[in-house]
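Trainee: The structure file input-v4.csv (CSV, C-alpha atoms and all ligand atoms) is provided below.
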chain,number,residue,atom,x,y,z
Z,154,MET,CA,-2.2,-7.1,-14.9
Z,155,GLU,CA,0.0,-4.5,-13.3
Z,156,GLU,CA,1.1,-5.4,-9.7
Z,157,ILE,CA,-0.1,-2.7,-7.4
Z,158,PRO,CA,2.2,-2.3,-4.3
Z,159,VAL,CA,-0.5,-1.1,-2.0
Z,160,LYS,CA,-3.2,-3.5,-1.0
Z,161,VAL,CA,-6.2,-2.6,1.0
Z,162,ALA,CA,-8.2,-5.0,3.2
Z,163,VAL,CA,-11.4,-4.3,5.1
Z,164,ARG,CA,-12.4,-6.1,8.2
Z,165,ILE,CA,-15.9,-6.0,9.6
Z,166,ARG,CA,-16.1,-6.3,13.3
Z,167,PRO,CA,-19.1,-7.8,15.1
Z,168,LEU,CA,-21.4,-5.6,17.1
Z,169,LEU,CA,-20.1,-5.3,20.7
Z,170,SER,CA,-22.4,-6.4,23.6
Z,171,LYS,CA,-23.1,-2.8,24.5
Z,172,GLU,CA,-24.1,-2.0,20.9
Z,173,VAL,CA,-26.4,-5.0,20.9
Z,174,LEU,CA,-27.8,-3.8,24.2
Z,175,HIS,CA,-28.5,-0.4,22.7
Z,176,ASN,CA,-30.1,-2.0,19.7
Z,177,HIS,CA,-27.5,-0.8,17.2
Z,178,GLN,CA,-28.0,-2.2,13.7
Z,179,VAL,CA,-25.4,-3.8,11.4
Z,180,CYS,CA,-24.9,-1.4,8.4
Z,181,VAL,CA,-22.3,-3.3,6.4
Z,182,ARG,CA,-22.3,-6.7,4.9
Z,183,LEU,CA,-20.1,-8.9,2.6
Z,184,VAL,CA,-21.2,-9.8,-0.9
Z,185,PRO,CA,-20.6,-13.6,-0.9
Z,186,ASN,CA,-17.7,-14.8,-3.2
Z,187,THR,CA,-16.6,-11.3,-4.1
Z,188,GLN,CA,-14.2,-8.8,-2.6
Z,189,GLN,CA,-17.0,-6.4,-2.0
Z,190,ILE,CA,-18.9,-5.0,0.9
Z,191,ILE,CA,-22.2,-3.2,0.8
Z,192,ILE,CA,-22.8,-0.2,3.1
Z,193,GLY,CA,-26.4,0.7,3.8
Z,194,LYS,CA,-28.8,-0.6,1.1
Z,195,ASP,CA,-26.7,-0.5,-2.0
Z,196,ARG,CA,-23.4,1.3,-1.7
Z,197,ALA,CA,-20.8,-1.3,-2.9
Z,198,PHE,CA,-17.1,-1.0,-2.4
Z,199,THR,CA,-14.4,-3.3,-3.7
Z,200,PHE,CA,-11.2,-4.1,-1.8
Z,201,ASP,CA,-8.2,-6.4,-2.3
Z,202,PHE,CA,-9.3,-8.5,0.7
Z,203,VAL,CA,-12.5,-8.5,2.7
Z,204,PHE,CA,-13.0,-10.1,6.1
Z,205,GLY,CA,-16.4,-10.7,7.7
Z,206,LYS,CA,-17.4,-10.4,11.3
Z,207,ASN,CA,-16.5,-14.0,12.1
Z,208,SER,CA,-13.0,-13.7,10.6
Z,209,THR,CA,-10.1,-14.7,12.9
Z,210,GLN,CA,-6.8,-13.1,13.6
Z,211,GLY,CA,-5.2,-16.1,12.0
Z,212,GLU,CA,-7.0,-15.6,8.7
Z,213,VAL,CA,-6.1,-11.9,8.5
Z,214,TYR,CA,-2.5,-12.7,9.4
Z,215,THR,CA,-2.2,-15.5,6.8
Z,216,VAL,CA,-3.8,-13.5,4.0
Z,217,CYS,CA,-2.4,-10.0,4.6
Z,218,ILE,CA,0.7,-10.2,6.7
Z,219,LYS,CA,2.5,-13.5,6.0
Z,220,PRO,CA,3.2,-12.7,2.3
Z,221,LEU,CA,4.8,-9.4,3.4
Z,222,LEU,CA,7.2,-11.3,5.8
Z,223,LEU,CA,8.3,-13.4,2.8
Z,224,SER,CA,9.0,-10.3,0.7
Z,225,LEU,CA,10.9,-8.9,3.7
Z,226,THR,CA,13.3,-11.8,3.6
Z,227,GLU,CA,13.8,-11.0,-0.1
Z,228,GLY,CA,14.9,-7.5,0.7
Z,229,TYR,CA,11.6,-5.5,0.2
Z,230,ASN,CA,10.3,-3.0,2.6
Z,231,ALA,CA,6.8,-3.7,4.0
Z,232,THR,CA,4.4,-1.6,6.0
Z,233,VAL,CA,1.1,-2.5,7.6
Z,234,PHE,CA,-1.1,0.0,9.1
Z,235,ALA,CA,-4.7,0.1,10.3
Z,236,TYR,CA,-7.0,2.9,9.5
Z,237,GLY,CA,-10.5,3.6,10.7
Z,238,GLN,CA,-12.6,5.5,13.0
Z,239,THR,CA,-12.4,5.1,16.7
Z,240,GLY,CA,-13.7,1.7,18.0
Z,241,SER,CA,-13.6,0.1,14.6
Z,242,GLY,CA,-11.0,-2.6,15.6
Z,243,LYS,CA,-7.6,-1.3,14.6
Z,244,THR,CA,-5.9,-2.2,17.9
Z,245,TYR,CA,-7.7,-5.6,18.1
Z,246,THR,CA,-6.5,-6.5,14.5
Z,247,ILE,CA,-3.0,-5.2,14.6
Z,248,GLY,CA,-2.3,-5.3,18.4
Z,249,GLY,CA,-2.1,-9.0,19.2
Z,250,GLY,CA,-0.1,-10.4,16.4
Z,251,HIS,CA,3.3,-8.9,16.9
Z,252,ILE,CA,4.8,-11.8,18.9
Z,253,GLY,CA,3.7,-14.3,16.3
Z,254,THR,CA,5.0,-12.2,13.5
Z,255,LEU,CA,8.4,-12.0,15.1
Z,256,GLN,CA,8.4,-15.7,15.7
Z,257,VAL,CA,7.7,-16.3,12.0
Z,258,LEU,CA,10.4,-13.8,11.0
Z,259,PHE,CA,12.9,-15.6,13.2
Z,260,CYS,CA,12.0,-18.9,11.7
Z,261,PHE,CA,12.6,-17.5,8.2
Z,262,ILE,CA,15.9,-16.2,9.3
Z,263,PHE,CA,16.8,-19.4,10.9
Z,264,PHE,CA,16.1,-21.4,7.8
Z,265,LEU,CA,17.5,-18.9,5.3
Z,266,VAL,CA,20.6,-17.7,6.9
Z,267,TYR,CA,23.6,-19.6,8.2
Z,268,ASP,CA,26.7,-18.7,10.0
Z,269,ILE,CA,26.1,-15.0,10.3
Z,270,LEU,CA,24.8,-12.8,13.0
Z,271,VAL,CA,21.4,-11.3,12.0
Z,272,ARG,CA,20.2,-8.1,13.6
Z,273,VAL,CA,16.5,-7.4,13.7
Z,274,LYS,CA,15.3,-3.9,14.7
Z,275,VAL,CA,11.9,-3.5,16.0
Z,276,SER,CA,9.9,-0.4,16.9
Z,277,TYR,CA,6.3,-0.5,18.1
Z,278,ILE,CA,4.8,3.0,18.4
Z,279,GLU,CA,1.3,4.2,18.7
Z,280,VAL,CA,0.4,7.5,17.2
Z,281,TYR,CA,-2.6,9.0,19.0
Z,282,LYS,CA,-3.6,12.4,17.8
Z,283,GLU,CA,-0.3,14.3,17.7
Z,284,GLU,CA,1.4,12.1,20.4
Z,285,LEU,CA,3.6,9.1,20.2
Z,286,ARG,CA,3.7,6.2,22.6
Z,287,ASP,CA,6.4,3.6,22.7
Z,288,LEU,CA,4.5,0.3,23.2
Z,289,LEU,CA,7.7,-1.6,23.9
Z,290,GLU,CA,8.6,0.6,26.9
Z,291,LEU,CA,5.5,1.6,28.7
Z,292,GLU,CA,7.4,3.7,31.3
Z,293,THR,CA,8.2,6.1,28.6
Z,294,SER,CA,4.5,6.4,27.6
Z,295,VAL,CA,4.2,9.7,29.4
Z,296,LYS,CA,7.4,11.1,28.0
Z,297,ASP,CA,7.5,13.3,25.0
Z,298,LEU,CA,8.8,11.1,22.1
Z,299,HIS,CA,9.8,12.4,18.7
Z,300,ILE,CA,10.5,10.4,15.6
Z,301,ARG,CA,14.0,11.4,14.3
Z,302,GLU,CA,16.5,9.9,11.9
Z,303,ASP,CA,20.0,9.2,13.1
Z,304,GLU,CA,23.1,9.3,10.8
Z,305,LYS,CA,22.5,5.7,9.7
Z,306,GLY,CA,18.9,6.4,8.7
Z,307,ASN,CA,17.4,4.7,11.7
Z,308,THR,CA,14.1,6.2,12.7
Z,309,GLY,CA,12.4,6.2,16.1
Z,310,ARG,CA,13.4,4.4,19.2
Z,311,ILE,CA,14.2,0.8,18.4
Z,312,LEU,CA,14.6,-2.4,20.3
Z,313,ASP,CA,17.6,-4.1,18.9
Z,314,LEU,CA,17.5,-7.9,19.0
Z,315,LYS,CA,20.6,-9.7,18.1
Z,316,PHE,CA,19.7,-13.0,16.6
Z,317,ASP,CA,22.4,-15.6,16.6
Z,318,THR,CA,21.4,-18.5,14.4
Z,319,HIS,CA,23.7,-20.8,16.2
Z,320,GLY,CA,22.6,-20.1,19.7
Z,321,PHE,CA,19.0,-19.1,18.8
Z,322,SER,CA,19.4,-16.4,21.4
Z,323,CYS,CA,17.9,-13.0,21.5
Z,324,VAL,CA,19.6,-10.2,23.3
Z,325,PRO,CA,17.3,-7.2,23.7
Z,326,GLU,CA,19.3,-4.0,23.6
Z,327,LEU,CA,17.9,-0.5,23.7
Z,328,PHE,CA,19.0,1.8,21.1
Z,329,PHE,CA,18.3,5.5,21.1
Z,330,PRO,CA,19.0,7.5,18.0
Z,331,SER,CA,20.4,10.9,19.0
Z,401,LIG,N1,-12.9,-8.6,15.0
Z,401,LIG,C1,-13.3,-8.3,16.2
Z,401,LIG,N2,-14.0,-9.3,16.9
Z,401,LIG,C2,-14.4,-9.1,18.2
Z,401,LIG,N3,-14.2,-7.9,18.8
Z,401,LIG,C3,-13.6,-6.9,18.2
Z,401,LIG,C4,-13.1,-7.1,16.9
Z,401,LIG,N4,-12.5,-5.9,16.5
Z,401,LIG,C5,-12.6,-5.1,17.5
Z,401,LIG,N5,-13.3,-5.7,18.6
Z,401,LIG,C6,-13.6,-5.0,19.8
Z,401,LIG,O1,-14.1,-3.7,19.6
Z,401,LIG,C7,-13.7,-2.8,20.5
Z,401,LIG,C8,-12.9,-1.7,19.8
Z,401,LIG,O2,-11.8,-2.2,19.1
Z,401,LIG,P1,-10.4,-1.5,19.1
Z,401,LIG,O3,-10.0,-0.9,20.5
Z,401,LIG,O4,-9.4,-2.4,18.5
Z,401,LIG,O5,-10.7,-0.2,18.2
Z,401,LIG,P2,-9.7,0.9,17.6
Z,401,LIG,O6,-10.0,1.1,16.2
Z,401,LIG,O7,-8.3,0.6,18.0
Z,401,LIG,O8,-10.2,2.2,18.5
Z,401,LIG,P3,-9.4,3.5,18.9
Z,401,LIG,O9,-9.1,4.2,17.6
Z,401,LIG,O10,-10.4,4.3,19.7
Z,401,LIG,O11,-8.2,3.1,19.6
Z,401,LIG,C9,-12.8,-3.5,21.5
Z,401,LIG,O12,-13.6,-3.9,22.6
Z,401,LIG,C10,-12.4,-4.8,20.7
Z,401,LIG,O13,-12.1,-5.9,21.6
Here is the file; what I need is its structure written in the form of structure tokens.
Mentor:
Amino acid sequence: MEEIPVKVAVRIRPLLSKEVLHNHQVCVRLVPNTQQIIIGKDRAFTFDFVFGKNSTQGEVYTVCIKPLLLSLTEGYNATVFAYGQTGSGKTYTIGGGHIGTLQVLFCFIFFLVYDILVRVKVSYIEVYKEELRDLLELETSVKDLHIREDEKGNTGRILDLKFDTHGFSCVPELFFPS
């Protein structure tokens, strides 16, 4: 079967306490042992991965993100983004895992690369309506940020971490494309 480069996962979040309090009803459920969900009575949708309301951050990370980190070390580009209506759980799902992801990436680098200096560039930007917020530099959150490309093709504002496999040291350095 042809390998499709875009994979879509759906994660169902539990009802929040305030929703329970207001007697909101669950309108989506998993079909056991399939990659399907049912919305309402009978509207079935199939995804590459489905996660139920009791799924953990670790499960989502292991299934959806970790394989991408492996591909990254083989030279592929990878993008993960969360899409959904407000309050559906995008920040919850994506927001907390970045430190763990960086740790795993550094471990891969440590085991795969010897005797050279590896540079990892990270940007962490929230797009809200038409506005950008740099989540690595909260003081700039009120400033007007624009995504641009510099002459080397770097986009956005990046935190430049020099990773020395000998010293295991990280030197955070701010880098502003002009
Ligand atoms: N899987 C989950 N388990 C438990 N609570 C969750 C889960 N997903 C989201 N929540 C809770 O639901 C609420 C809304 O989630 P979140 O803020 O991540 O939504 P969002 O999609 O980022 O919303 P917005 O687009 O408005 O920023 C939060 O209180 C969050 O803690």
Trainee: At what distance in Å, to one decimal, does atom CA of Z:Arg286 lie from atom CA of Z:Arg166?
Mentor: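 So the answer is 25.2 Å.
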Trainee: Kindly indicate which residue among Z:Tyr229, Z:Phe200, Z:Tyr214, Z:Tyr236 lies nearest to ligand LIG 401 (chain Z), using all atoms listed in the file for the distances.
Mentor: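 Closest candidate: Z:Tyr236.
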Trainee: Could you list, as a list of chain:residue names, all residues that come within 6 Å of ligand LIG 401 (chain Z)? Count all atoms listed in the file.
Mentor: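 I would give the residues around ligand LIG 401 (chain Z) as Z:Arg166, Z:Pro167, Z:Gln238, Z:Thr239, Z:Gly240, Z:Ser241, Z:Gly242, Z:Lys243, Z:Thr244, Z:Tyr245.
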Trainee: Report as a list in words all protein, DNA and RNA residues lying within 7 Å of stretch 192-199 of chain Z, evaluated on all atoms listed in the file, omitting residues in the same chain fewer than 5 positions from it.
Mentor: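 Listing them by chain and then by number gives Cys180, Val181 and Arg182 of chain Z.
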Trainee: What's the separation between atom CA of Z:Phe261 and atom CA of Z:Thr226, in Å to one decimal place?
Mentor: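 Spanning atom CA of Z:Phe261 to atom CA of Z:Thr226 is a straight-line distance of 7.4 Å.
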Trainee: Would you work out the distance separating atom CA of Z:Gly228 from atom CA of Z:Val161, expressed in Å to one decimal?
Mentor: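 These two atoms are separated by 21.7 Å.
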Trainee: Neighbouring residues of Z:Ala231 were defined as those with any atom within 12 Å, considering only C-alpha atoms; residues of the same chain fewer than 3 positions away were excluded. Please report them as a VMD selection string.
Mentor: chain Z and resid 158 to 160 217 to 228 234
